[in-house]
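> Coordinates in target-v5.cif, mmCIF, C-alpha atoms (C1' of nucleotides), are listed below.
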```cif
data_final
loop_
_atom_site.label_atom_id
_atom_site.label_comp_id
_atom_site.auth_asym_id
_atom_site.auth_seq_id
_atom_site.Cartn_x
_atom_site.Cartn_y
_atom_site.Cartn_z
CA MET A 1 32.38 6.96 -3.19
CA ALA A 2 30.06 4.78 -5.11
CA LEU A 3 29.00 2.79 -2.09
CA PRO A 4 28.50 5.24 0.71
CA ARG A 5 27.14 2.63 3.09
CA GLU A 6 29.29 -0.33 3.83
CA TYR A 7 29.10 -3.28 6.13
CA THR A 8 32.65 -2.96 7.35
CA GLY A 9 34.03 -5.75 9.43
CA GLN A 10 31.46 -8.25 8.24
CA ASN A 11 33.64 -11.16 7.30
CA CYS A 12 30.88 -12.55 5.16
CA SER A 13 30.12 -12.98 1.53
CA ALA A 14 26.45 -12.08 1.91
CA ALA A 15 27.50 -8.73 3.32
CA ARG A 16 29.83 -8.17 0.37
CA ALA A 17 27.01 -8.90 -2.03
CA LEU A 18 24.76 -6.49 -0.16
CA GLU A 19 27.39 -3.78 -0.45
CA VAL A 20 26.93 -4.03 -4.21
CA VAL A 21 23.22 -4.69 -4.59
CA GLY A 22 21.81 -3.97 -1.13
CA GLU A 23 20.97 -0.33 -1.49
CA ARG A 24 17.46 0.87 -2.02
CA TRP A 25 16.30 0.46 -5.65
CA THR A 26 19.38 -1.43 -6.79
CA LEU A 27 17.85 -4.89 -7.01
CA LEU A 28 14.77 -3.50 -8.74
CA ILE A 29 17.03 -1.97 -11.36
CA VAL A 30 18.74 -5.33 -11.82
CA ARG A 31 15.36 -7.03 -12.07
CA ASP A 32 14.30 -4.60 -14.80
CA ALA A 33 17.61 -5.16 -16.58
CA LEU A 34 16.99 -8.91 -16.51
CA TYR A 35 13.56 -8.22 -17.97
CA GLY A 36 15.21 -6.40 -20.87
CA VAL A 37 15.08 -2.75 -19.82
CA ARG A 38 18.19 -0.92 -21.04
CA ARG A 39 17.55 2.83 -21.26
CA PHE A 40 17.82 5.44 -18.53
CA THR A 41 14.44 6.82 -19.49
CA ASP A 42 12.80 3.41 -19.37
CA PHE A 43 14.15 2.57 -15.92
CA GLN A 44 12.92 5.93 -14.75
CA ALA A 45 9.45 5.56 -16.22
CA HIS A 46 8.99 2.05 -14.89
CA LEU A 47 10.38 2.49 -11.40
CA ASP A 48 9.24 6.02 -10.52
CA ILE A 49 12.67 6.56 -9.05
CA PRO A 50 14.18 10.02 -8.56
CA ARG A 51 16.50 10.71 -11.49
CA ALA A 52 19.42 11.58 -9.24
CA VAL A 53 19.14 8.28 -7.42
CA LEU A 54 18.84 6.35 -10.69
CA ALA A 55 21.94 8.02 -12.08
CA ASP A 56 23.82 7.20 -8.90
CA ARG A 57 22.74 3.54 -8.89
CA LEU A 58 23.44 2.97 -12.58
CA GLY A 59 26.87 4.51 -12.13
CA ALA A 60 27.57 2.27 -9.14
CA LEU A 61 26.41 -0.83 -11.00
CA VAL A 62 28.66 0.01 -13.95
CA GLU A 63 31.50 0.69 -11.54
CA SER A 64 31.05 -2.69 -9.89
CA GLY A 65 30.84 -4.55 -13.17
CA VAL A 66 27.18 -5.58 -12.99
CA LEU A 67 26.14 -3.36 -15.90
CA GLU A 68 28.00 -2.11 -18.92
CA ARG A 69 27.22 1.21 -20.59
CA VAL A 70 27.31 0.97 -24.37
CA ARG A 71 26.32 3.22 -27.25
CA GLY A 72 22.60 3.00 -27.81
CA ALA A 73 21.44 0.57 -30.45
CA THR A 74 19.06 3.17 -31.86
CA GLY A 75 21.78 5.74 -32.41
CA ARG A 76 20.78 7.94 -29.50
CA GLY A 77 21.81 7.76 -25.90
CA HIS A 78 23.21 4.70 -24.14
CA ASP A 79 22.19 1.17 -23.31
CA TYR A 80 22.84 -0.32 -19.89
CA VAL A 81 23.46 -4.01 -20.52
CA LEU A 82 23.98 -6.73 -17.91
CA THR A 83 27.41 -8.34 -17.77
CA ASP A 84 27.87 -12.02 -16.97
CA LYS A 85 28.37 -10.99 -13.37
CA GLY A 86 25.03 -9.18 -13.52
CA ILE A 87 23.26 -12.12 -15.12
CA GLU A 88 24.46 -14.25 -12.22
CA LEU A 89 22.24 -12.14 -9.98
CA TRP A 90 19.22 -13.89 -11.47
CA PRO A 91 18.95 -16.51 -8.68
CA ILE A 92 18.72 -13.69 -6.16
CA VAL A 93 16.01 -11.85 -8.06
CA ARG A 94 14.16 -15.09 -8.70
CA SER A 95 14.14 -16.21 -5.08
CA LEU A 96 13.14 -12.75 -3.87
CA SER A 97 10.35 -12.60 -6.37
CA MET A 98 9.05 -16.07 -5.59
CA TRP A 99 9.15 -15.42 -1.85
CA GLY A 100 7.10 -12.28 -2.38
CA GLU A 101 4.68 -14.14 -4.60
CA GLN A 102 4.28 -16.88 -2.01
CA PHE A 103 3.69 -14.74 1.04
CA TYR A 104 2.16 -11.60 -0.43
CA PRO A 105 -0.16 -12.89 -3.14
CA SER A 106 -2.32 -10.39 -4.95
CA ASP A 107 -6.07 -10.86 -4.73
CA LYS A 108 -6.03 -10.67 -8.52
CA GLY A 109 -3.82 -13.75 -8.81
CA VAL A 110 -0.20 -14.28 -9.71
CA HIS A 111 1.92 -11.41 -11.03
CA ARG A 112 4.38 -13.38 -13.15
CA PHE A 113 5.27 -16.99 -13.82
CA TYR A 114 8.79 -18.02 -14.64
CA THR A 115 8.84 -20.89 -17.11
CA HIS A 116 11.48 -23.03 -18.80
CA THR A 117 11.40 -21.83 -22.38
CA GLY A 118 11.43 -25.25 -24.01
CA CYS A 119 9.19 -27.08 -21.52
CA ASP A 120 6.62 -24.35 -20.86
CA ALA A 121 6.64 -25.59 -17.27
CA GLU A 122 7.05 -23.38 -14.21
CA LEU A 123 10.26 -23.09 -12.23
CA ASP A 124 10.30 -24.00 -8.55
CA VAL A 125 11.83 -21.79 -5.89
CA ASN A 126 15.27 -23.28 -6.57
CA GLY A 127 15.12 -22.54 -10.28
CA ARG A 128 14.43 -26.09 -11.40
CA CYS A 129 12.01 -26.80 -14.19
CA THR A 130 9.10 -28.70 -12.69
CA LYS A 131 8.83 -30.76 -15.86
CA CYS A 132 12.36 -31.70 -16.89
CA GLY A 133 14.04 -31.15 -13.52
CA GLN A 134 16.95 -29.16 -14.90
CA SER A 135 18.36 -26.06 -13.25
CA VAL A 136 17.36 -23.43 -15.79
CA PRO A 137 19.87 -20.68 -16.64
CA ALA A 138 18.58 -17.13 -16.98
CA ALA A 139 18.78 -17.15 -20.76
CA ASP A 140 16.34 -20.07 -20.95
CA VAL A 141 13.65 -18.46 -18.81
CA THR A 142 10.45 -17.04 -20.24
CA VAL A 143 8.52 -14.58 -18.10
CA VAL A 144 4.76 -14.98 -18.40
CA PRO A 145 2.64 -12.19 -16.92
CA GLY A 146 -0.19 -13.44 -14.73
CA PRO A 147 -3.69 -12.10 -14.16
CA ALA A 148 -2.58 -9.53 -11.58
CA LEU A 149 -0.73 -7.61 -14.28
CA ARG A 150 -3.74 -7.36 -16.58
CA GLY A 151 -6.27 -5.66 -14.31
CA GLN A 152 -7.29 -2.04 -14.45
CA ASN A 153 -4.89 -1.05 -11.67
CA ALA A 154 -1.93 -2.10 -13.80
CA ARG A 155 0.62 0.55 -14.61
CA THR A 156 0.22 2.20 -17.98
CA ASP A 157 3.70 3.47 -18.74
CA PRO A 158 5.21 2.11 -21.97
CA VAL A 159 7.62 -0.21 -20.17
CA SER A 160 4.86 -1.80 -18.11
CA ARG A 161 2.83 -2.32 -21.27
CA ALA A 162 5.77 -3.96 -23.00
CA LEU A 163 6.23 -6.21 -19.94
CA ALA A 164 2.58 -7.30 -20.08
CA ALA A 165 3.37 -9.78 -22.84
CA PRO A 166 5.37 -13.00 -22.37
CA HIS A 167 9.03 -12.44 -23.11
CA ARG A 168 12.38 -14.11 -22.87
CA LEU A 169 14.63 -13.03 -20.02
CA LEU A 170 17.63 -10.85 -21.03
CA GLU A 171 16.22 -10.00 -24.46
CA PRO A 172 15.94 -6.24 -25.03
CA LEU A 173 12.41 -4.97 -24.65
CA THR A 174 10.72 -3.39 -27.60
CA ILE A 175 9.04 -0.35 -26.14
CA GLY A 176 5.94 0.48 -28.07
CA MET B 1 5.28 2.73 10.63
CA ALA B 2 7.42 -0.32 10.62
CA LEU B 3 8.39 0.04 6.99
CA PRO B 4 9.07 3.71 6.46
CA ARG B 5 10.29 3.23 2.90
CA GLU B 6 7.96 1.58 0.47
CA TYR B 7 8.04 0.83 -3.19
CA THR B 8 4.54 2.07 -3.83
CA GLY B 9 3.05 1.39 -7.20
CA GLN B 10 5.46 -1.41 -7.97
CA ASN B 11 3.12 -4.13 -9.14
CA CYS B 12 5.76 -6.70 -8.49
CA SER B 13 6.42 -9.44 -6.02
CA ALA B 14 10.14 -8.72 -5.80
CA ALA B 15 9.30 -5.20 -4.65
CA ARG B 16 6.94 -6.58 -2.02
CA ALA B 17 9.68 -8.85 -0.75
CA LEU B 18 12.09 -5.93 -0.63
CA GLU B 19 9.60 -3.92 1.42
CA VAL B 20 9.97 -6.60 4.09
CA VAL B 21 13.64 -7.56 3.87
CA GLY B 22 15.16 -4.83 1.68
CA GLU B 23 16.17 -2.35 4.33
CA ARG B 24 19.73 -1.99 5.44
CA TRP B 25 20.79 -4.72 7.92
CA THR B 26 17.58 -6.73 7.60
CA LEU B 27 18.94 -9.57 5.47
CA LEU B 28 22.06 -9.81 7.62
CA ILE B 29 19.81 -10.25 10.65
CA VAL B 30 17.91 -12.99 8.83
CA ARG B 31 21.19 -14.63 7.86
CA ASP B 32 22.32 -14.63 11.48
CA ALA B 33 18.94 -16.02 12.53
CA LEU B 34 19.36 -18.85 10.01
CA TYR B 35 22.80 -19.47 11.50
CA GLY B 36 21.19 -19.89 14.91
CA VAL B 37 21.54 -16.46 16.51
CA ARG B 38 18.51 -15.71 18.70
CA ARG B 39 19.33 -13.05 21.30
CA PHE B 40 19.25 -9.28 20.95
CA THR B 41 22.68 -9.05 22.51
CA ASP B 42 24.14 -11.63 20.17
CA PHE B 43 22.83 -9.95 17.03
CA GLN B 44 24.24 -6.70 18.31
CA ALA B 45 27.66 -8.13 19.13
CA HIS B 46 27.98 -9.94 15.82
CA LEU B 47 26.67 -7.25 13.48
CA ASP B 48 28.01 -4.08 15.12
CA ILE B 49 24.63 -2.54 14.43
CA PRO B 50 23.30 0.47 16.36
CA ARG B 51 20.94 -0.78 19.05
CA ALA B 52 18.14 1.51 17.92
CA VAL B 53 18.28 0.13 14.39
CA LEU B 54 18.44 -3.44 15.62
CA ALA B 55 15.38 -2.92 17.81
CA ASP B 56 13.55 -1.36 14.87
CA ARG B 57 14.43 -4.18 12.47
CA LEU B 58 13.63 -6.97 14.91
CA GLY B 59 10.29 -5.33 15.62
CA ALA B 60 9.55 -5.03 11.92
CA LEU B 61 10.50 -8.65 11.28
CA VAL B 62 8.24 -9.82 14.11
CA GLU B 63 5.49 -7.57 12.78
CA SER B 64 5.80 -9.07 9.32
CA GLY B 65 5.84 -12.64 10.57
CA VAL B 66 9.44 -13.48 9.71
CA LEU B 67 10.53 -13.78 13.33
CA GLU B 68 8.67 -14.70 16.48
CA ARG B 69 9.59 -13.32 19.88
CA VAL B 70 9.40 -15.97 22.58
CA ARG B 71 10.47 -16.21 26.23
CA GLY B 72 14.13 -16.94 26.42
CA ALA B 73 15.16 -20.56 26.84
CA THR B 74 17.64 -19.60 29.57
CA GLY B 75 15.06 -17.88 31.73
CA ARG B 76 16.18 -14.34 30.94
CA GLY B 77 15.22 -12.11 28.07
CA HIS B 78 13.70 -13.23 24.79
CA ASP B 79 14.55 -15.41 21.85
CA TYR B 80 13.91 -14.26 18.29
CA VAL B 81 13.08 -17.43 16.35
CA LEU B 82 12.48 -17.75 12.62
CA THR B 83 8.97 -18.68 11.54
CA ASP B 84 8.34 -20.92 8.52
CA LYS B 85 7.98 -17.75 6.49
CA GLY B 86 11.39 -16.66 7.73
CA ILE B 87 12.98 -20.03 6.99
CA GLU B 88 11.72 -19.67 3.41
CA LEU B 89 14.11 -16.74 3.06
CA TRP B 90 16.99 -19.20 2.99
CA PRO B 91 17.18 -19.37 -0.83
CA ILE B 92 17.62 -15.59 -0.91
CA VAL B 93 20.38 -15.60 1.69
CA ARG B 94 22.04 -18.57 0.01
CA SER B 95 22.06 -17.04 -3.48
CA LEU B 96 23.29 -13.70 -2.14
CA SER B 97 26.02 -15.37 -0.20
CA MET B 98 27.15 -17.56 -3.09
CA TRP B 99 27.15 -14.62 -5.50
CA GLY B 100 29.36 -12.71 -3.09
CA GLU B 101 31.64 -15.70 -2.67
CA GLN B 102 31.93 -16.10 -6.44
CA PHE B 103 32.71 -12.50 -7.36
CA TYR B 104 34.38 -11.18 -4.22
CA PRO B 105 36.55 -14.07 -3.06
CA SER B 106 38.83 -13.50 -0.11
CA ASP B 107 42.55 -13.93 -0.66
CA LYS B 108 42.44 -16.26 2.35
CA GLY B 109 40.05 -18.64 0.62
CA VAL B 110 36.39 -19.41 1.02
CA HIS B 111 34.43 -17.99 3.96
CA ARG B 112 31.81 -20.72 4.33
CA PHE B 113 30.71 -23.82 2.50
CA TYR B 114 27.12 -24.95 2.51
CA THR B 115 26.87 -28.73 2.49
CA HIS B 116 24.09 -31.29 2.42
CA THR B 117 24.14 -32.73 5.92
CA GLY B 118 23.91 -36.37 4.92
CA CYS B 119 26.08 -36.26 1.81
CA ASP B 120 28.82 -33.91 3.06
CA ALA B 121 28.80 -32.49 -0.48
CA GLU B 122 28.57 -28.82 -1.36
CA LEU B 123 25.43 -27.13 -2.61
CA ASP B 124 25.41 -25.43 -6.00
CA VAL B 125 24.05 -21.92 -6.55
CA ASN B 126 20.54 -23.29 -6.93
CA GLY B 127 20.65 -25.17 -3.64
CA ARG B 128 21.11 -28.63 -5.12
CA CYS B 129 23.44 -31.11 -3.51
CA THR B 130 26.29 -31.73 -5.95
CA LYS B 131 26.38 -35.36 -4.90
CA CYS B 132 22.78 -36.54 -4.66
CA GLY B 133 21.20 -33.83 -6.81
CA GLN B 134 18.37 -33.08 -4.42
CA SER B 135 17.15 -29.58 -3.62
CA VAL B 136 18.23 -29.31 0.00
CA PRO B 137 15.87 -27.65 2.49
CA ALA B 138 17.34 -25.27 5.04
CA ALA B 139 17.07 -27.74 7.88
CA ASP B 140 19.35 -30.21 6.08
CA VAL B 141 22.15 -27.74 5.46
CA THR B 142 25.38 -27.77 7.42
CA VAL B 143 27.50 -24.63 7.36
CA VAL B 144 31.22 -25.34 7.26
CA PRO B 145 33.53 -22.38 7.91
CA GLY B 146 36.33 -22.05 5.38
CA PRO B 147 39.92 -20.87 5.75
CA ALA B 148 38.99 -17.19 5.47
CA LEU B 149 37.21 -17.39 8.83
CA ARG B 150 40.16 -18.89 10.66
CA GLY B 151 42.83 -16.28 10.03
CA GLN B 152 44.04 -13.71 12.51
CA ASN B 153 41.77 -11.01 11.10
CA ALA B 154 38.69 -13.00 12.07
CA ARG B 155 36.25 -11.38 14.45
CA THR B 156 36.67 -12.35 18.07
CA ASP B 157 33.25 -11.68 19.54
CA PRO B 158 31.60 -14.74 21.14
CA VAL B 159 29.12 -15.17 18.31
CA SER B 160 31.82 -15.19 15.64
CA ARG B 161 33.76 -17.73 17.66
CA ALA B 162 30.70 -19.95 17.95
CA LEU B 163 30.19 -19.64 14.19
CA ALA B 164 33.76 -20.74 13.49
CA ALA B 165 32.80 -24.38 13.98
CA PRO B 166 30.64 -26.39 11.58
CA HIS B 167 27.01 -26.26 12.56
CA ARG B 168 23.57 -27.16 11.35
CA LEU B 169 21.42 -24.37 9.94
CA LEU B 170 18.54 -23.23 12.19
CA GLU B 171 19.90 -24.89 15.30
CA PRO B 172 20.37 -22.45 18.18
CA LEU B 173 23.98 -21.45 18.67
CA THR B 174 25.70 -22.27 21.89
CA ILE B 175 27.56 -19.10 22.75
CA GLY B 176 30.68 -19.86 24.71
"C1'" DC C 1 14.61 -7.99 51.20
"C1'" DC C 2 18.31 -5.02 49.04
"C1'" DG C 3 21.07 -3.98 45.57
"C1'" DC C 4 23.54 -5.23 41.46
"C1'" DA C 5 24.15 -6.98 36.89
"C1'" DC C 6 22.17 -8.61 32.75
"C1'" DT C 7 19.15 -7.93 29.02
"C1'" DG C 8 16.63 -5.35 25.96
"C1'" DG C 9 15.47 -1.70 24.94
"C1'" DT C 10 14.43 4.16 24.22
"C1'" DT C 11 16.04 9.03 23.51
"C1'" DC C 12 18.49 12.47 21.32
"C1'" DA C 13 21.60 15.39 18.60
"C1'" DG C 14 24.41 15.18 14.47
"C1'" DT C 15 25.09 13.42 9.84
"C1'" DG C 16 24.11 11.61 5.54
"C1'" DA C 17 20.97 9.83 2.01
"C1'" DA C 18 16.48 10.02 -0.56
"C1'" DC C 19 13.03 12.85 -2.64
"C1'" DG C 20 11.06 15.81 -6.19
"C1'" DA C 21 11.25 19.70 -8.89
"C1'" DA C 22 13.92 22.53 -11.69
"C1'" DC C 23 17.65 23.29 -14.54
"C1'" DC C 24 21.33 21.90 -18.01
"C1'" DA C 25 23.91 20.09 -22.08
"C1'" DA C 26 25.06 17.01 -25.93
"C1'" DA C 27 23.26 15.02 -29.97
"C1'" DT C 28 19.98 14.05 -33.36
"C1'" DG C 29 16.83 15.46 -36.96
"C1'" DA C 30 13.08 18.47 -39.24
"C1'" DT D 1 18.58 26.83 -37.20
"C1'" DC D 2 15.83 25.44 -33.67
"C1'" DA D 3 13.12 22.00 -31.15
"C1'" DT D 4 13.24 17.49 -29.15
"C1'" DT D 5 15.07 13.56 -27.13
"C1'" DT D 6 18.11 11.69 -23.81
"C1'" DG D 7 20.66 11.55 -19.86
"C1'" DG D 8 21.88 13.63 -16.68
"C1'" DT D 9 23.10 17.58 -12.36
"C1'" DT D 10 21.67 20.87 -8.61
"C1'" DC D 11 19.40 22.07 -4.62
"C1'" DG D 12 16.35 22.62 -0.59
"C1'" DT D 13 13.52 19.64 2.26
"C1'" DT D 14 12.55 15.52 4.54
"C1'" DC D 15 13.71 11.29 6.51
"C1'" DA D 16 16.65 7.52 8.15
"C1'" DC D 17 21.02 5.92 10.20
"C1'" DT D 18 24.62 6.54 13.71
"C1'" DG D 19 26.62 6.40 18.26
"C1'" DA D 20 26.40 7.57 22.81
"C1'" DA D 21 23.81 8.03 26.81
"C1'" DC D 22 20.10 6.83 29.54
"C1'" DC D 23 16.37 3.67 31.41
"C1'" DA D 24 13.46 -0.27 33.03
"C1'" DG D 25 12.25 -5.09 34.07
"C1'" DT D 26 14.03 -9.46 35.81
"C1'" DG D 27 16.92 -12.84 38.31
"C1'" DC D 28 20.11 -13.74 41.60
"C1'" DG D 29 23.59 -13.42 45.58
"C1'" DG D 30 23.98 -12.12 49.97
#
```
Take the structure in this file and express it as structure tokens.


Amino acid sequence: MALPREYTGQNCSAARALEVVGERWTLLIVRDALYGVRRFTDFQAHLDIPRAVLADRLGALVESGVLERVRGATGRGHDYVLTDKGIELWPIVRSLSMWGEQFYPSDKGVHRFYTHTGCDAELDVNGRCTKCGQSVPAADVTVVPGPALRGQNARTDPVSRALAAPHRLLEPLTIG
Amino acid sequence: MALPREYTGQNCSAARALEVVGERWTLLIVRDALYGVRRFTDFQAHLDIPRAVLADRLGALVESGVLERVRGATGRGHDYVLTDKGIELWPIVRSLSMWGEQFYPSDKGVHRFYTHTGCDAELDVNGRCTKCGQSVPAADVTVVPGPALRGQNARTDPVSRALAAPHRLLEPLTIG
DNA sequence: CCGCACTGGTTCAGTGAACGAACCAAATGA
DNA sequence: TCATTTGGTTCGTTCACTGAACCAGTGCGG
């Protein structure tokens, strides 16, 4: 079974959501997918996750319709691409990330800002642009790395280096 | 250690948040706390969670400053009350819950609506009142049970019965 | 003041999941 | 043809979750 741990008997939509994305690593995989990561190897390099667990989680996410597995754009391998259902997980990732940023700040400063692509203004915790006031959909978000990602204790794998530049959410990363 | 599973090396605020609330059961405990559950026994009855795990999670949440353990209002036992840091988890619980409601609807209808207490209008996925447009803080949310909670397959424990009536978020439940 | 029930735990054996290293196979491409 | 890239699978060890049983402090009735 793809979801070996269930919250049976919980007559609750939060529990249903957690059955899909509540397992260890799953939401970090979705976060990376929102950031543009698409290849098995890239998830693995960026997350330091055991390969068996990654294979299991990717399979479960495809099974549940959050990701889709397509032929790789470069000819080799596959791409794991977010479906609309997966993109709708963005508010969850955003609120998690902003809660962590608020209560566990790095001494080096902010990790990442989320900005409204047109306005260049930050989003608030509810996903509203602090300049124009609109609720910003995932496709209109630009992720801007903060000072905490530039220090010497930053990760040096290719994915982390690609994520150290500002980039549009959902756009495939160009791994250098 | 209170958090036996860490995401070490993840230079990311979402990972830090998941270290605190990412373990199995933890977010369901926070959800219940937002709904007004405060007693060990009530969490246990409502969640069907092993007592050892519940004790571990409550201890970890107190340790991390999400809950506070205070003398029970009724004279006996303790109350686990959300801190401000814990109340700030509401956007996470809300977005999880609404994602689950959107993609895993019950055939009996909606489980719960979240409404703006003054307006009696529903919140959207970003926590804005669909009538007045404001971003609604947790304290101004009223939870209205939907048809899916009223059927014959609803849970019958005292906590579930108390939650089957509309109630204000954060206000202590009166268990009948 | 004694004993009982309520509350909030802890302990323990059995099971299942995560970890990390090694191995494997299909497909490109030199 | 053979090496490399990619995306896995296998397997032994470790660790966490489960469920049942046991335990201790506190109020309260008698």

> Each residue of chain D lying at most 9 Å from chain B should get a row with its shortest atom-to-atom pair and the distance in Å to one decimal, counting all atoms listed in the file; could you produce that, ordered by chain and increasing number, as a tab-separated table?


```
residue	atom	partner	partner_atom	distance
D:DC15	C1'	B:Pro4	CA	8.9
D:DA16	C1'	B:Pro4	CA	8.7
D:DC17	C1'	B:Val53	CA	7.7
D:DT18	C1'	B:Pro50	CA	6.8
D:DG19	C1'	B:Pro50	CA	7.1
D:DT26	C1'	B:Arg76	CA	7.2
D:DG27	C1'	B:Arg76	CA	7.6
```

> Take the residues just selected and output them with C-alpha atoms (C1' of nucleotides) as a short mmCIF file (atom, residue, chain, number, x, y, z; two decimals), in the frame of the given file.


```cif
data_model
loop_
_atom_site.label_atom_id
_atom_site.label_comp_id
_atom_site.auth_asym_id
_atom_site.auth_seq_id
_atom_site.Cartn_x
_atom_site.Cartn_y
_atom_site.Cartn_z
"C1'" DC D 15 13.71 11.29 6.51
"C1'" DA D 16 16.65 7.52 8.15
"C1'" DC D 17 21.02 5.92 10.20
"C1'" DT D 18 24.62 6.54 13.71
"C1'" DG D 19 26.62 6.40 18.26
"C1'" DT D 26 14.03 -9.46 35.81
"C1'" DG D 27 16.92 -12.84 38.31
#
```

> What do you get, as a PDB file with C-alpha atoms, in the frame of the given file, if you spell out every residue that the PyMOL selection byres ((chain A) within 8 of (chain B)) selects here?


```
ATOM      1  CA  GLY A   9      34.030  -5.750   9.430  1.00  0.00           C
ATOM      2  CA  GLN A  10      31.460  -8.250   8.240  1.00  0.00           C
ATOM      3  CA  ASN A  11      33.640 -11.160   7.300  1.00  0.00           C
ATOM      4  CA  CYS A  12      30.880 -12.550   5.160  1.00  0.00           C
ATOM      5  CA  SER A  13      30.120 -12.980   1.530  1.00  0.00           C
ATOM      6  CA  ALA A  14      26.450 -12.080   1.910  1.00  0.00           C
ATOM      7  CA  ALA A  15      27.500  -8.730   3.320  1.00  0.00           C
ATOM      8  CA  ARG A  16      29.830  -8.170   0.370  1.00  0.00           C
ATOM      9  CA  ALA A  17      27.010  -8.900  -2.030  1.00  0.00           C
ATOM     10  CA  LEU A  18      24.760  -6.490  -0.160  1.00  0.00           C
ATOM     11  CA  GLY A  22      21.810  -3.970  -1.130  1.00  0.00           C
ATOM     12  CA  GLU A  23      20.970  -0.330  -1.490  1.00  0.00           C
ATOM     13  CA  ARG A  24      17.460   0.870  -2.020  1.00  0.00           C
ATOM     14  CA  LEU A  28      14.770  -3.500  -8.740  1.00  0.00           C
ATOM     15  CA  LEU A  47      10.380   2.490 -11.400  1.00  0.00           C
ATOM     16  CA  LYS A  85      28.370 -10.990 -13.370  1.00  0.00           C
ATOM     17  CA  GLU A  88      24.460 -14.250 -12.220  1.00  0.00           C
ATOM     18  CA  LEU A  89      22.240 -12.140  -9.980  1.00  0.00           C
ATOM     19  CA  PRO A  91      18.950 -16.510  -8.680  1.00  0.00           C
ATOM     20  CA  ILE A  92      18.720 -13.690  -6.160  1.00  0.00           C
ATOM     21  CA  VAL A  93      16.010 -11.850  -8.060  1.00  0.00           C
ATOM     22  CA  SER A  95      14.140 -16.210  -5.080  1.00  0.00           C
ATOM     23  CA  LEU A  96      13.140 -12.750  -3.870  1.00  0.00           C
ATOM     24  CA  SER A  97      10.350 -12.600  -6.370  1.00  0.00           C
ATOM     25  CA  MET A  98       9.050 -16.070  -5.590  1.00  0.00           C
ATOM     26  CA  TRP A  99       9.150 -15.420  -1.850  1.00  0.00           C
ATOM     27  CA  GLY A 100       7.100 -12.280  -2.380  1.00  0.00           C
ATOM     28  CA  GLU A 101       4.680 -14.140  -4.600  1.00  0.00           C
ATOM     29  CA  PHE A 103       3.690 -14.740   1.040  1.00  0.00           C
ATOM     30  CA  TYR A 104       2.160 -11.600  -0.430  1.00  0.00           C
ATOM     31  CA  PRO A 105      -0.160 -12.890  -3.140  1.00  0.00           C
ATOM     32  CA  HIS A 111       1.920 -11.410 -11.030  1.00  0.00           C
ATOM     33  CA  VAL A 125      11.830 -21.790  -5.890  1.00  0.00           C
ATOM     34  CA  ASN A 126      15.270 -23.280  -6.570  1.00  0.00           C
ATOM     35  CA  GLY A 127      15.120 -22.540 -10.280  1.00  0.00           C
ATOM     36  CA  SER A 135      18.360 -26.060 -13.250  1.00  0.00           C
ATOM     37  CA  LEU A 149      -0.730  -7.610 -14.280  1.00  0.00           C
ATOM     38  CA  ALA A 154      -1.930  -2.100 -13.800  1.00  0.00           C
ATOM     39  CA  ARG A 155       0.620   0.550 -14.610  1.00  0.00           C
TER      40      ARG A 155
END
```

> Show me which bits of chain C are within 12 Å of chain B, counting all atoms listed in the file, as a ChimeraX atom specification.

/C:6-12,18-19

> Apply the PyMOL selection byres ((chain C and resi 22) around 12) to the structure shown and report the selected residues as a PyMOL selection string.

(chain C and resi 20-21+23-24) or (chain D and resi 9-12)

> Expand the PyMOL selection byres ((chain C and resi 26) around 10) into the explicit residue set it covers here, and present it as an MDAnalysis selection string.

(chainID A and resid 77) or (chainID C and resid 25 27:28) or (chainID D and resid 6:7)

> Using only C-alpha atoms (C1' of nucleotides), which protein or nucleic acid residues come within 7 Å of Val159 of chain A? Drop anything in the same chain fewer than 2 positions from it, and give the result as a list in words.

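Within the cut-off, the hits are Asp42, His46, Asp157, Arg161, Ala162, Leu163 and Ile175 of chain A.
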
> So, counting all atoms listed in the file, which residue among D:DG8, D:DA21, D:DT13, D:DG29 is closest to Asp56 of chain A?

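Ranking D:DG8, D:DA21, D:DT13, D:DG29 by distance to Asp56 of chain A, first place goes to D:DG8.
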
> Each side padded by 3 Å, which centre and which edge lengths in Å (one decimal) define the axis-aligned box around the listed atoms of segment 9-26 of chain C? Give them as lines of an AutoDock Vina configuration file.


```
center_x = 18.1
center_y = 10.8
center_z = -0.5
size_x = 20.0
size_y = 31.0
size_z = 56.9
```

> So how many Å separate atom CA of Val144 of chain A and atom CA of Leu123 of chain A, to one decimal?

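Taking atom CA of Val144 of chain A as the start and atom CA of Leu123 of chain A as the end point, the length is 11.6 Å.
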
> To one decimal in Å, tell me the separation between atom CA of Ser64 of chain A and atom CA of Ala33 of chain A.

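Distance reported for this atom pair: 15.2 Å.
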
> Please, what distance in Å, to one decimal, runs between atom CA of Pro147 of chain B and atom CA of Cys129 of chain B?

21.5 Å

> Is there a way to get, as an mmCIF file with C-alpha atoms, keeping the file's coordinate frame, all residues within 7 Å of the point (11.1, -19.1, 18.5) in file coordinates, counting only C-alpha atoms (C1' of nucleotides)?


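File out.cif, as written:
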```cif
data_model
loop_
_atom_site.group_PDB
_atom_site.id
_atom_site.type_symbol
_atom_site.label_atom_id
_atom_site.label_comp_id
_atom_site.auth_asym_id
_atom_site.auth_seq_id
_atom_site.Cartn_x
_atom_site.Cartn_y
_atom_site.Cartn_z
ATOM 1 C CA GLU B 68 8.670 -14.700 16.480
ATOM 2 C CA ARG B 69 9.590 -13.320 19.880
ATOM 3 C CA VAL B 70 9.400 -15.970 22.580
ATOM 4 C CA ASP B 79 14.550 -15.410 21.850
ATOM 5 C CA TYR B 80 13.910 -14.260 18.290
ATOM 6 C CA VAL B 81 13.080 -17.430 16.350
ATOM 7 C CA LEU B 82 12.480 -17.750 12.620
#
```
